[in-house]
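Here the structure is laid out as structure tokens; the discussion comes afterwards.
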Amino acid sequence: MTAAPDKLVVEDLSKRFESGDDGGAVVALAGAGLRVAPGEFVSIVGPSGCGKSTLFNIVAGLIRPTAGRVLLDGEEPRELLGRVGYMPQKDLLMPWRSVLDNVTLGLEMSGVGRRQARARAREELGRFGLEGFERRWPGDLSGGMRQRAALLRTFLAGRELMLLDEPFGALDALTRQAMQEWLLEIWQSDRKTILFITHDVEEAVYLSDRVYVMSGRPGSVQLCVEIDLPRPRGFELHGSPQFVALKQRLLTPLHEAARAQLEAQVVS
């Protein structure tokens with residue numbers, strides 16, 4: 001029996017942005033590559049400005065690469081836009097729409113009727129901790145609940161591959177930990193394929209099957225670490241020797257990349 005292809009393969013991806021009037025350019029990515037198997041939870045960490053969000057924008061079809069290619073299910077699609085679920089750093093909830101009408105937005109844009117979209121959303125509100133809040137406005141919600149609503153909108157879009165760009169970055173430490181545990185429960189139930197950006201190494205280790213470490217700009221994959229920790233995972237795992245060793249293995253190249261990037265900025 002032939003093995004199923006990886007859900008996502010990024011091959012030798014590069015992106016150059018022309019900077020305008022002065023004729024210069026910024027190279028955001030240079031030969032980045034990674035893979036994500038069906039049902040995996042994979043994270044990307046790297047110093048600020050290393051091209052992580054640029055990589056996501058390419059995979060989501062929002063911008064085109066200068067070189068390289070993106071494969072979905074073993075094929076290179078002519079058009080990536082609309083093929084994956086994408087949750088950017090900000091929740092982007094529309095303040096004039098209720099929670100229910102915000103989470104159904106992706107379904108409606110895909111052509112699902114409003115009544116059917118609302119019915120599907122109501123089935124999931126409890127699992128996402130939003131039951132009883134469907135008529136509230138986004139401004140009435142806490143940061144954690146806004147992120148739950150944004151994640152539900154992404155899940156309802158029905159894409160098997162989801163890109164989550166630092167969804168918990170703006171939350172306080174306790175809320176963030178609770179959201180991590182909740183996200184793992186949702187993922188283990190649904191087994192969507194998730195590619196996740198974070199600046200938090202502990203978060204990457206706790207959530208992931210594999211972590212890619214990116215270099216400073218121009219971004220490329222510097223290290224790939226398999227997270228061979230048992231699942232399901234609980235908070236107590238953070239104190240285990242295996243967890244601490246994996247965290248240190250990831251922190252070392254990140255520290256070196258951050259220092260090199262700072263020194264380059266000082267020199268320039």
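Just remember, in the structure tokens the first chain shown is A, the second B, etc., residues are 1-based per chain, and ligands are 1-based in the order shown.
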
Sel. of helix (DSSP H, G or I) residues, stretch 72-168 of chain A, as number ranges by chain: A: 99-103, 105-109, 114-125, 138-140, 143-156

Next, write the just-selected residues to a file, as a compact mmCIF listing (two decimals), in the first residue's frame, keeping N, CA and C atoms as the atom set.
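To be explicit, this is the file written out as result_28.txt:
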# COMPACT_ATOMS: atom_id res chain seq x y z
N VAL A 99 -21.08 37.55 17.90
CA VAL A 99 -20.16 36.41 17.92
C VAL A 99 -20.60 35.35 16.93
N LEU A 100 -21.89 35.03 16.92
CA LEU A 100 -22.39 34.01 16.00
C LEU A 100 -22.14 34.40 14.55
N ASP A 101 -22.40 35.64 14.22
CA ASP A 101 -22.23 36.07 12.83
C ASP A 101 -20.75 36.23 12.46
N ASN A 102 -19.89 36.42 13.45
CA ASN A 102 -18.46 36.44 13.17
C ASN A 102 -17.94 35.04 12.86
N VAL A 103 -18.35 34.06 13.64
CA VAL A 103 -17.78 32.71 13.45
C VAL A 103 -18.32 32.03 12.20
N LEU A 105 -18.68 33.63 9.34
CA LEU A 105 -18.28 34.43 8.19
C LEU A 105 -17.60 33.60 7.10
N GLY A 106 -16.67 32.72 7.51
CA GLY A 106 -15.98 31.89 6.53
C GLY A 106 -16.92 30.97 5.78
N LEU A 107 -17.88 30.40 6.47
CA LEU A 107 -18.87 29.54 5.82
C LEU A 107 -19.69 30.31 4.81
N GLU A 108 -20.13 31.51 5.20
CA GLU A 108 -20.95 32.32 4.30
C GLU A 108 -20.16 32.72 3.06
N MET A 109 -18.87 33.03 3.24
CA MET A 109 -18.04 33.41 2.10
C MET A 109 -17.80 32.22 1.17
N ARG A 114 -26.95 31.43 5.20
CA ARG A 114 -26.82 31.96 6.56
C ARG A 114 -27.45 31.05 7.60
N ARG A 115 -28.64 30.53 7.31
CA ARG A 115 -29.32 29.67 8.28
C ARG A 115 -28.52 28.39 8.53
N GLN A 116 -28.02 27.77 7.47
CA GLN A 116 -27.23 26.55 7.62
C GLN A 116 -25.93 26.83 8.33
N ALA A 117 -25.29 27.96 8.02
CA ALA A 117 -24.03 28.31 8.67
C ALA A 117 -24.24 28.51 10.17
N ARG A 118 -25.31 29.18 10.52
CA ARG A 118 -25.60 29.40 11.94
C ARG A 118 -25.87 28.08 12.66
N ALA A 119 -26.59 27.18 12.01
CA ALA A 119 -26.88 25.88 12.62
C ALA A 119 -25.60 25.11 12.89
N ARG A 120 -24.69 25.11 11.93
CA ARG A 120 -23.41 24.41 12.11
C ARG A 120 -22.59 25.05 13.22
N ALA A 121 -22.61 26.38 13.30
CA ALA A 121 -21.85 27.07 14.34
C ALA A 121 -22.41 26.76 15.72
N ARG A 122 -23.73 26.74 15.85
CA ARG A 122 -24.34 26.49 17.16
C ARG A 122 -23.97 25.11 17.69
N GLU A 123 -23.74 24.15 16.79
CA GLU A 123 -23.34 22.81 17.22
C GLU A 123 -21.96 22.81 17.88
N GLU A 124 -21.13 23.80 17.56
CA GLU A 124 -19.76 23.84 18.05
C GLU A 124 -19.53 24.87 19.15
N LEU A 125 -20.49 25.73 19.43
CA LEU A 125 -20.27 26.81 20.40
C LEU A 125 -19.85 26.28 21.77
N PRO A 138 -18.14 41.43 19.87
CA PRO A 138 -16.73 41.12 20.17
C PRO A 138 -16.15 41.99 21.28
N GLY A 139 -16.58 43.25 21.37
CA GLY A 139 -16.07 44.13 22.41
C GLY A 139 -16.44 43.71 23.81
N ASP A 140 -17.43 42.81 23.95
CA ASP A 140 -17.85 42.32 25.27
C ASP A 140 -17.02 41.13 25.73
N GLY A 143 -9.95 38.57 26.03
CA GLY A 143 -9.00 38.20 24.99
C GLY A 143 -9.04 36.73 24.65
N GLY A 144 -9.15 35.88 25.67
CA GLY A 144 -9.20 34.44 25.42
C GLY A 144 -10.44 34.03 24.65
N MET A 145 -11.58 34.64 24.98
CA MET A 145 -12.81 34.29 24.28
C MET A 145 -12.80 34.80 22.84
N ARG A 146 -12.18 35.95 22.61
CA ARG A 146 -12.06 36.43 21.23
C ARG A 146 -11.23 35.45 20.39
N GLN A 147 -10.16 34.91 20.99
CA GLN A 147 -9.34 33.95 20.27
C GLN A 147 -10.11 32.65 20.02
N ARG A 148 -10.94 32.24 20.96
CA ARG A 148 -11.77 31.05 20.74
C ARG A 148 -12.73 31.27 19.57
N ALA A 149 -13.31 32.48 19.51
CA ALA A 149 -14.22 32.79 18.41
C ALA A 149 -13.48 32.77 17.08
N ALA A 150 -12.27 33.35 17.05
CA ALA A 150 -11.49 33.37 15.81
C ALA A 150 -11.09 31.96 15.39
N LEU A 151 -10.75 31.13 16.37
CA LEU A 151 -10.39 29.74 16.05
C LEU A 151 -11.60 28.96 15.56
N LEU A 152 -12.76 29.19 16.17
CA LEU A 152 -13.97 28.51 15.70
C LEU A 152 -14.28 28.91 14.26
N ARG A 153 -14.13 30.19 13.94
CA ARG A 153 -14.34 30.64 12.56
C ARG A 153 -13.40 29.89 11.61
N THR A 154 -12.14 29.70 12.04
CA THR A 154 -11.17 29.00 11.20
C THR A 154 -11.52 27.52 11.07
N PHE A 155 -11.93 26.89 12.17
CA PHE A 155 -12.31 25.48 12.14
C PHE A 155 -13.54 25.27 11.25
N LEU A 156 -14.52 26.16 11.36
CA LEU A 156 -15.75 25.99 10.60
C LEU A 156 -15.53 26.12 9.11

Give me, as a PyMOL selection string, the residues of stretch 27-198 of chain A that a backbone DSSP run labels strand (DSSP E). chain A and resi 27-36+41-45+67-72+85-87+161-165+193-197

Selection above as a file: N, CA and C atoms, as an mmCIF file, in the first residue's frame:
data_model
loop_
_atom_site.group_PDB
_atom_site.id
_atom_site.type_symbol
_atom_site.label_atom_id
_atom_site.label_comp_id
_atom_site.auth_asym_id
_atom_site.auth_seq_id
_atom_site.Cartn_x
_atom_site.Cartn_y
_atom_site.Cartn_z
ATOM 1 N N VAL A 27 15.221 40.605 1.318
ATOM 2 C CA VAL A 27 15.052 39.169 1.123
ATOM 3 C C VAL A 27 14.522 38.589 2.435
ATOM 4 N N ALA A 28 13.241 38.210 2.440
ATOM 5 C CA ALA A 28 12.604 37.715 3.663
ATOM 6 C C ALA A 28 12.864 36.231 3.879
ATOM 7 N N LEU A 29 12.847 35.448 2.804
ATOM 8 C CA LEU A 29 13.067 34.002 2.885
ATOM 9 C C LEU A 29 14.127 33.596 1.872
ATOM 10 N N ALA A 30 14.929 32.616 2.231
ATOM 11 C CA ALA A 30 15.968 32.135 1.317
ATOM 12 C C ALA A 30 16.097 30.621 1.457
ATOM 13 N N GLY A 31 15.386 29.903 0.611
ATOM 14 C CA GLY A 31 15.508 28.458 0.585
ATOM 15 C C GLY A 31 14.878 27.734 1.755
ATOM 16 N N ALA A 32 13.769 28.247 2.284
ATOM 17 C CA ALA A 32 13.105 27.606 3.427
ATOM 18 C C ALA A 32 12.377 26.344 2.981
ATOM 19 N N GLY A 33 12.423 25.321 3.811
ATOM 20 C CA GLY A 33 11.739 24.078 3.510
ATOM 21 C C GLY A 33 11.239 23.387 4.766
ATOM 22 N N LEU A 34 10.070 22.751 4.672
ATOM 23 C CA LEU A 34 9.516 21.991 5.783
ATOM 24 C C LEU A 34 8.449 21.047 5.251
ATOM 25 N N ARG A 35 8.002 20.141 6.118
ATOM 26 C CA ARG A 35 6.938 19.215 5.752
ATOM 27 C C ARG A 35 6.026 19.005 6.949
ATOM 28 N N VAL A 36 4.770 18.720 6.666
ATOM 29 C CA VAL A 36 3.778 18.445 7.707
ATOM 30 C C VAL A 36 2.922 17.280 7.231
ATOM 31 N N PHE A 41 0.728 18.212 14.324
ATOM 32 C CA PHE A 41 0.786 19.556 14.891
ATOM 33 C C PHE A 41 2.256 19.961 14.847
ATOM 34 N N VAL A 42 2.576 20.910 13.971
ATOM 35 C CA VAL A 42 3.964 21.316 13.745
ATOM 36 C C VAL A 42 4.084 22.804 14.008
ATOM 37 N N SER A 43 5.158 23.203 14.709
ATOM 38 C CA SER A 43 5.373 24.607 15.032
ATOM 39 C C SER A 43 6.628 25.150 14.363
ATOM 40 N N ILE A 44 6.623 26.467 14.179
ATOM 41 C CA ILE A 44 7.777 27.205 13.675
ATOM 42 C C ILE A 44 8.147 28.258 14.704
ATOM 43 N N VAL A 45 9.427 28.294 15.092
ATOM 44 C CA VAL A 45 9.930 29.346 15.957
ATOM 45 C C VAL A 45 11.111 30.011 15.253
ATOM 46 N N ALA A 67 10.849 32.225 -5.491
ATOM 47 C CA ALA A 67 11.346 30.925 -5.960
ATOM 48 C C ALA A 67 10.841 29.851 -5.012
ATOM 49 N N GLY A 68 10.901 28.593 -5.469
ATOM 50 C CA GLY A 68 10.444 27.475 -4.659
ATOM 51 C C GLY A 68 8.988 27.148 -4.932
ATOM 52 N N ARG A 69 8.464 26.161 -4.202
ATOM 53 C CA ARG A 69 7.080 25.762 -4.429
ATOM 54 C C ARG A 69 6.447 25.214 -3.166
ATOM 55 N N VAL A 70 5.122 25.175 -3.188
ATOM 56 C CA VAL A 70 4.321 24.646 -2.080
ATOM 57 C C VAL A 70 3.479 23.495 -2.621
ATOM 58 N N LEU A 71 3.545 22.337 -1.962
ATOM 59 C CA LEU A 71 2.755 21.170 -2.345
ATOM 60 C C LEU A 71 1.695 20.904 -1.282
ATOM 61 N N LEU A 72 0.471 20.669 -1.725
ATOM 62 C CA LEU A 72 -0.615 20.241 -0.845
ATOM 63 C C LEU A 72 -1.042 18.850 -1.266
ATOM 64 N N GLY A 85 -6.956 26.898 5.895
ATOM 65 C CA GLY A 85 -7.487 27.819 6.889
ATOM 66 C C GLY A 85 -6.355 28.646 7.460
ATOM 67 N N TYR A 86 -6.581 29.938 7.669
ATOM 68 C CA TYR A 86 -5.518 30.830 8.121
ATOM 69 C C TYR A 86 -6.061 31.763 9.189
ATOM 70 N N MET A 87 -5.459 31.704 10.388
ATOM 71 C CA MET A 87 -5.794 32.639 11.458
ATOM 72 C C MET A 87 -4.575 33.497 11.729
ATOM 73 N N LEU A 161 -5.973 21.680 6.497
ATOM 74 C CA LEU A 161 -4.721 22.292 6.943
ATOM 75 C C LEU A 161 -5.024 23.683 7.469
ATOM 76 N N MET A 162 -4.585 23.958 8.713
ATOM 77 C CA MET A 162 -4.824 25.257 9.320
ATOM 78 C C MET A 162 -3.504 25.903 9.723
ATOM 79 N N LEU A 163 -3.348 27.167 9.382
ATOM 80 C CA LEU A 163 -2.190 27.966 9.740
ATOM 81 C C LEU A 163 -2.587 28.892 10.881
ATOM 82 N N LEU A 164 -1.928 28.765 12.016
ATOM 83 C CA LEU A 164 -2.232 29.588 13.186
ATOM 84 C C LEU A 164 -0.999 30.427 13.519
ATOM 85 N N ASP A 165 -1.096 31.735 13.325
ATOM 86 C CA ASP A 165 0.030 32.644 13.490
ATOM 87 C C ASP A 165 -0.034 33.311 14.860
ATOM 88 N N THR A 193 -4.753 19.119 10.540
ATOM 89 C CA THR A 193 -3.321 19.345 10.400
ATOM 90 C C THR A 193 -3.053 20.808 10.718
ATOM 91 N N ILE A 194 -2.151 21.065 11.674
ATOM 92 C CA ILE A 194 -1.909 22.431 12.126
ATOM 93 C C ILE A 194 -0.445 22.795 11.954
ATOM 94 N N LEU A 195 -0.214 23.962 11.343
ATOM 95 C CA LEU A 195 1.102 24.590 11.306
ATOM 96 C C LEU A 195 0.979 25.870 12.120
ATOM 97 N N PHE A 196 1.847 26.028 13.124
ATOM 98 C CA PHE A 196 1.650 26.991 14.208
ATOM 99 C C PHE A 196 2.908 27.836 14.359
ATOM 100 N N ILE A 197 2.760 29.155 14.348
ATOM 101 C CA ILE A 197 3.878 30.060 14.617
ATOM 102 C C ILE A 197 3.819 30.524 16.055
#

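Near A:Ala178, within a cut-off of 10 Å and counting only C-alpha atoms, sit the residues Gly144, Ala173, Leu183 and Phe235 of chain A, with same-chain residues fewer than 5 positions away left out.
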
Could you please determine the separation between atom CA of A:Glu181 and atom CA of A:Phe243 in Å, to one decimal place?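 Going from atom CA of A:Glu181 over to atom CA of A:Phe243 covers 15.9 Å.
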
Exercise: A:Arg64 partners within 12 Å, only C-alpha atoms, chain neighbours under 3 positions left out, as a PyMOL selection string: chain A and resi 13-17+29+54-61+67-70+78-81

Please identify all polymer residues within 12 Å of A:Glu202, counting only C-alpha atoms, omitting same-chain residues fewer than 3 positions from it, and present them as a PyMOL selection string. chain A and resi 43+45+173+176-177+180+198-199+205-208+211+227+235+237-239+243-251

Okay, now the selection with N, CA and C atoms, as a PDB file, in the first residue's frame?
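Result saved to result.pdb:
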ATOM      1  N   SER A  43       5.158  23.203  14.709  1.00  0.00           N
ATOM      2  CA  SER A  43       5.373  24.607  15.032  1.00  0.00           C
ATOM      3  C   SER A  43       6.628  25.150  14.363  1.00  0.00           C
ATOM      4  N   VAL A  45       9.427  28.294  15.092  1.00  0.00           N
ATOM      5  CA  VAL A  45       9.930  29.346  15.957  1.00  0.00           C
ATOM      6  C   VAL A  45      11.111  30.011  15.253  1.00  0.00           C
ATOM      7  N   ALA A 173      -0.150  35.009  30.850  1.00  0.00           N
ATOM      8  CA  ALA A 173       0.449  33.677  30.971  1.00  0.00           C
ATOM      9  C   ALA A 173      -0.564  32.605  31.368  1.00  0.00           C
ATOM     10  N   ARG A 176      -3.035  31.975  28.572  1.00  0.00           N
ATOM     11  CA  ARG A 176      -2.315  31.322  27.483  1.00  0.00           C
ATOM     12  C   ARG A 176      -2.173  29.828  27.738  1.00  0.00           C
ATOM     13  N   GLN A 177      -1.804  29.463  28.972  1.00  0.00           N
ATOM     14  CA  GLN A 177      -1.657  28.053  29.286  1.00  0.00           C
ATOM     15  C   GLN A 177      -2.988  27.319  29.161  1.00  0.00           C
ATOM     16  N   GLN A 180      -3.733  26.791  25.522  1.00  0.00           N
ATOM     17  CA  GLN A 180      -2.913  25.722  24.944  1.00  0.00           C
ATOM     18  C   GLN A 180      -3.525  24.356  25.240  1.00  0.00           C
ATOM     19  N   THR A 198       4.969  30.536  16.720  1.00  0.00           N
ATOM     20  CA  THR A 198       5.049  31.053  18.083  1.00  0.00           C
ATOM     21  C   THR A 198       6.453  31.578  18.350  1.00  0.00           C
ATOM     22  N   HIS A 199       6.544  32.542  19.266  1.00  0.00           N
ATOM     23  CA  HIS A 199       7.841  32.983  19.778  1.00  0.00           C
ATOM     24  C   HIS A 199       8.178  32.271  21.085  1.00  0.00           C
ATOM     25  N   VAL A 205       7.125  23.329  22.288  1.00  0.00           N
ATOM     26  CA  VAL A 205       7.416  21.971  22.771  1.00  0.00           C
ATOM     27  C   VAL A 205       6.135  21.308  23.279  1.00  0.00           C
ATOM     28  N   TYR A 206       5.356  22.057  24.036  1.00  0.00           N
ATOM     29  CA  TYR A 206       4.153  21.491  24.652  1.00  0.00           C
ATOM     30  C   TYR A 206       3.123  21.046  23.620  1.00  0.00           C
ATOM     31  N   LEU A 207       2.977  21.812  22.548  1.00  0.00           N
ATOM     32  CA  LEU A 207       1.916  21.536  21.587  1.00  0.00           C
ATOM     33  C   LEU A 207       2.306  20.551  20.492  1.00  0.00           C
ATOM     34  N   SER A 208       3.576  20.504  20.119  1.00  0.00           N
ATOM     35  CA  SER A 208       3.941  20.022  18.789  1.00  0.00           C
ATOM     36  C   SER A 208       4.411  18.577  18.715  1.00  0.00           C
ATOM     37  N   VAL A 211       9.174  20.657  15.670  1.00  0.00           N
ATOM     38  CA  VAL A 211       9.396  22.098  15.696  1.00  0.00           C
ATOM     39  C   VAL A 211      10.514  22.443  14.720  1.00  0.00           C
ATOM     40  N   ILE A 227       9.517  16.173  18.552  1.00  0.00           N
ATOM     41  CA  ILE A 227       9.089  16.255  19.956  1.00  0.00           C
ATOM     42  C   ILE A 227       8.496  14.907  20.354  1.00  0.00           C
ATOM     43  N   PHE A 235      -0.184  19.782  32.068  1.00  0.00           N
ATOM     44  CA  PHE A 235       0.677  20.879  32.488  1.00  0.00           C
ATOM     45  C   PHE A 235       1.931  20.383  33.200  1.00  0.00           C
ATOM     46  N   LEU A 237       3.881  18.196  32.506  1.00  0.00           N
ATOM     47  CA  LEU A 237       4.941  17.815  31.579  1.00  0.00           C
ATOM     48  C   LEU A 237       6.038  18.873  31.495  1.00  0.00           C
ATOM     49  N   HIS A 238       5.697  20.144  31.778  1.00  0.00           N
ATOM     50  CA  HIS A 238       6.672  21.228  31.666  1.00  0.00           C
ATOM     51  C   HIS A 238       7.891  21.018  32.564  1.00  0.00           C
ATOM     52  N   GLY A 239       7.718  20.298  33.653  1.00  0.00           N
ATOM     53  CA  GLY A 239       8.826  20.112  34.584  1.00  0.00           C
ATOM     54  C   GLY A 239       9.641  18.857  34.362  1.00  0.00           C
ATOM     55  N   PHE A 243      11.240  17.392  28.707  1.00  0.00           N
ATOM     56  CA  PHE A 243      10.716  18.675  28.248  1.00  0.00           C
ATOM     57  C   PHE A 243      11.793  19.754  28.339  1.00  0.00           C
ATOM     58  N   VAL A 244      12.494  19.789  29.464  1.00  0.00           N
ATOM     59  CA  VAL A 244      13.533  20.804  29.671  1.00  0.00           C
ATOM     60  C   VAL A 244      14.658  20.638  28.655  1.00  0.00           C
ATOM     61  N   ALA A 245      15.022  19.394  28.360  1.00  0.00           N
ATOM     62  CA  ALA A 245      16.098  19.141  27.392  1.00  0.00           C
ATOM     63  C   ALA A 245      15.695  19.596  25.987  1.00  0.00           C
ATOM     64  N   LEU A 246      14.449  19.329  25.589  1.00  0.00           N
ATOM     65  CA  LEU A 246      13.976  19.768  24.279  1.00  0.00           C
ATOM     66  C   LEU A 246      13.921  21.294  24.198  1.00  0.00           C
ATOM     67  N   LYS A 247      13.477  21.915  25.274  1.00  0.00           N
ATOM     68  CA  LYS A 247      13.424  23.380  25.314  1.00  0.00           C
ATOM     69  C   LYS A 247      14.821  23.973  25.135  1.00  0.00           C
ATOM     70  N   GLN A 248      15.796  23.418  25.825  1.00  0.00           N
ATOM     71  CA  GLN A 248      17.160  23.924  25.724  1.00  0.00           C
ATOM     72  C   GLN A 248      17.732  23.713  24.324  1.00  0.00           C
ATOM     73  N   ARG A 249      17.405  22.588  23.721  1.00  0.00           N
ATOM     74  CA  ARG A 249      17.897  22.301  22.375  1.00  0.00           C
ATOM     75  C   ARG A 249      17.391  23.333  21.369  1.00  0.00           C
ATOM     76  N   LEU A 250      16.171  23.811  21.578  1.00  0.00           N
ATOM     77  CA  LEU A 250      15.604  24.821  20.689  1.00  0.00           C
ATOM     78  C   LEU A 250      16.106  26.226  21.022  1.00  0.00           C
ATOM     79  N   LEU A 251      16.309  26.500  22.306  1.00  0.00           N
ATOM     80  CA  LEU A 251      16.719  27.841  22.714  1.00  0.00           C
ATOM     81  C   LEU A 251      18.127  28.193  22.243  1.00  0.00           C
TER      82      LEU A 251
END

For A:Val213, work out the shell of residues within 10 Å, counting only C-alpha atoms and skipping chain neighbours fewer than 5 positions away, then give it as number ranges by chain. A: 43-47, 201, 219-225, 250-251, 253-254, 257

Could you tell me how far atom CA of A:Ser53 sits from atom CA of A:Glu18, in Å to one decimal place? 17.2 Å

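Candidate residues A:Thr66, A:Ala37, A:Gly49, A:Pro167 were compared for distance to A:Asp12, and the nearest is A:Thr66, using only C-alpha atoms.
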
Excluding A:Pro38 and any residue of its chain fewer than 4 positions from it, enumerate the residues within 9 Å of it, using only C-alpha atoms, and give them as a list in words. Ala4, Pro5, Asp6, Lys7, Leu8, Asp73, Glu160, Leu161, Arg191, Lys192, Thr193 and Ile194 of chain A

With C-alpha atoms kept, could you save the residues just selected as a compact mmCIF listing (two decimals), in the first residue's frame?
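Output (selection13.txt):
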# COMPACT_ATOMS: atom_id res chain seq x y z
CA ALA A 4 -0.32 8.96 1.92
CA PRO A 5 1.62 12.06 0.86
CA ASP A 6 2.44 14.80 3.32
CA LYS A 7 -0.38 17.29 3.77
CA LEU A 8 2.06 20.18 3.21
CA ASP A 73 -1.36 16.51 -0.63
CA GLU A 160 -7.88 20.17 6.65
CA LEU A 161 -4.72 22.29 6.94
CA ARG A 191 -7.03 15.74 14.08
CA LYS A 192 -6.81 18.67 11.74
CA THR A 193 -3.32 19.34 10.40
CA ILE A 194 -1.91 22.43 12.13

Can you measure atom CA of A:Gln242 to atom CA of A:Ala204 for me? One decimal in Å is fine. 14.0 Å
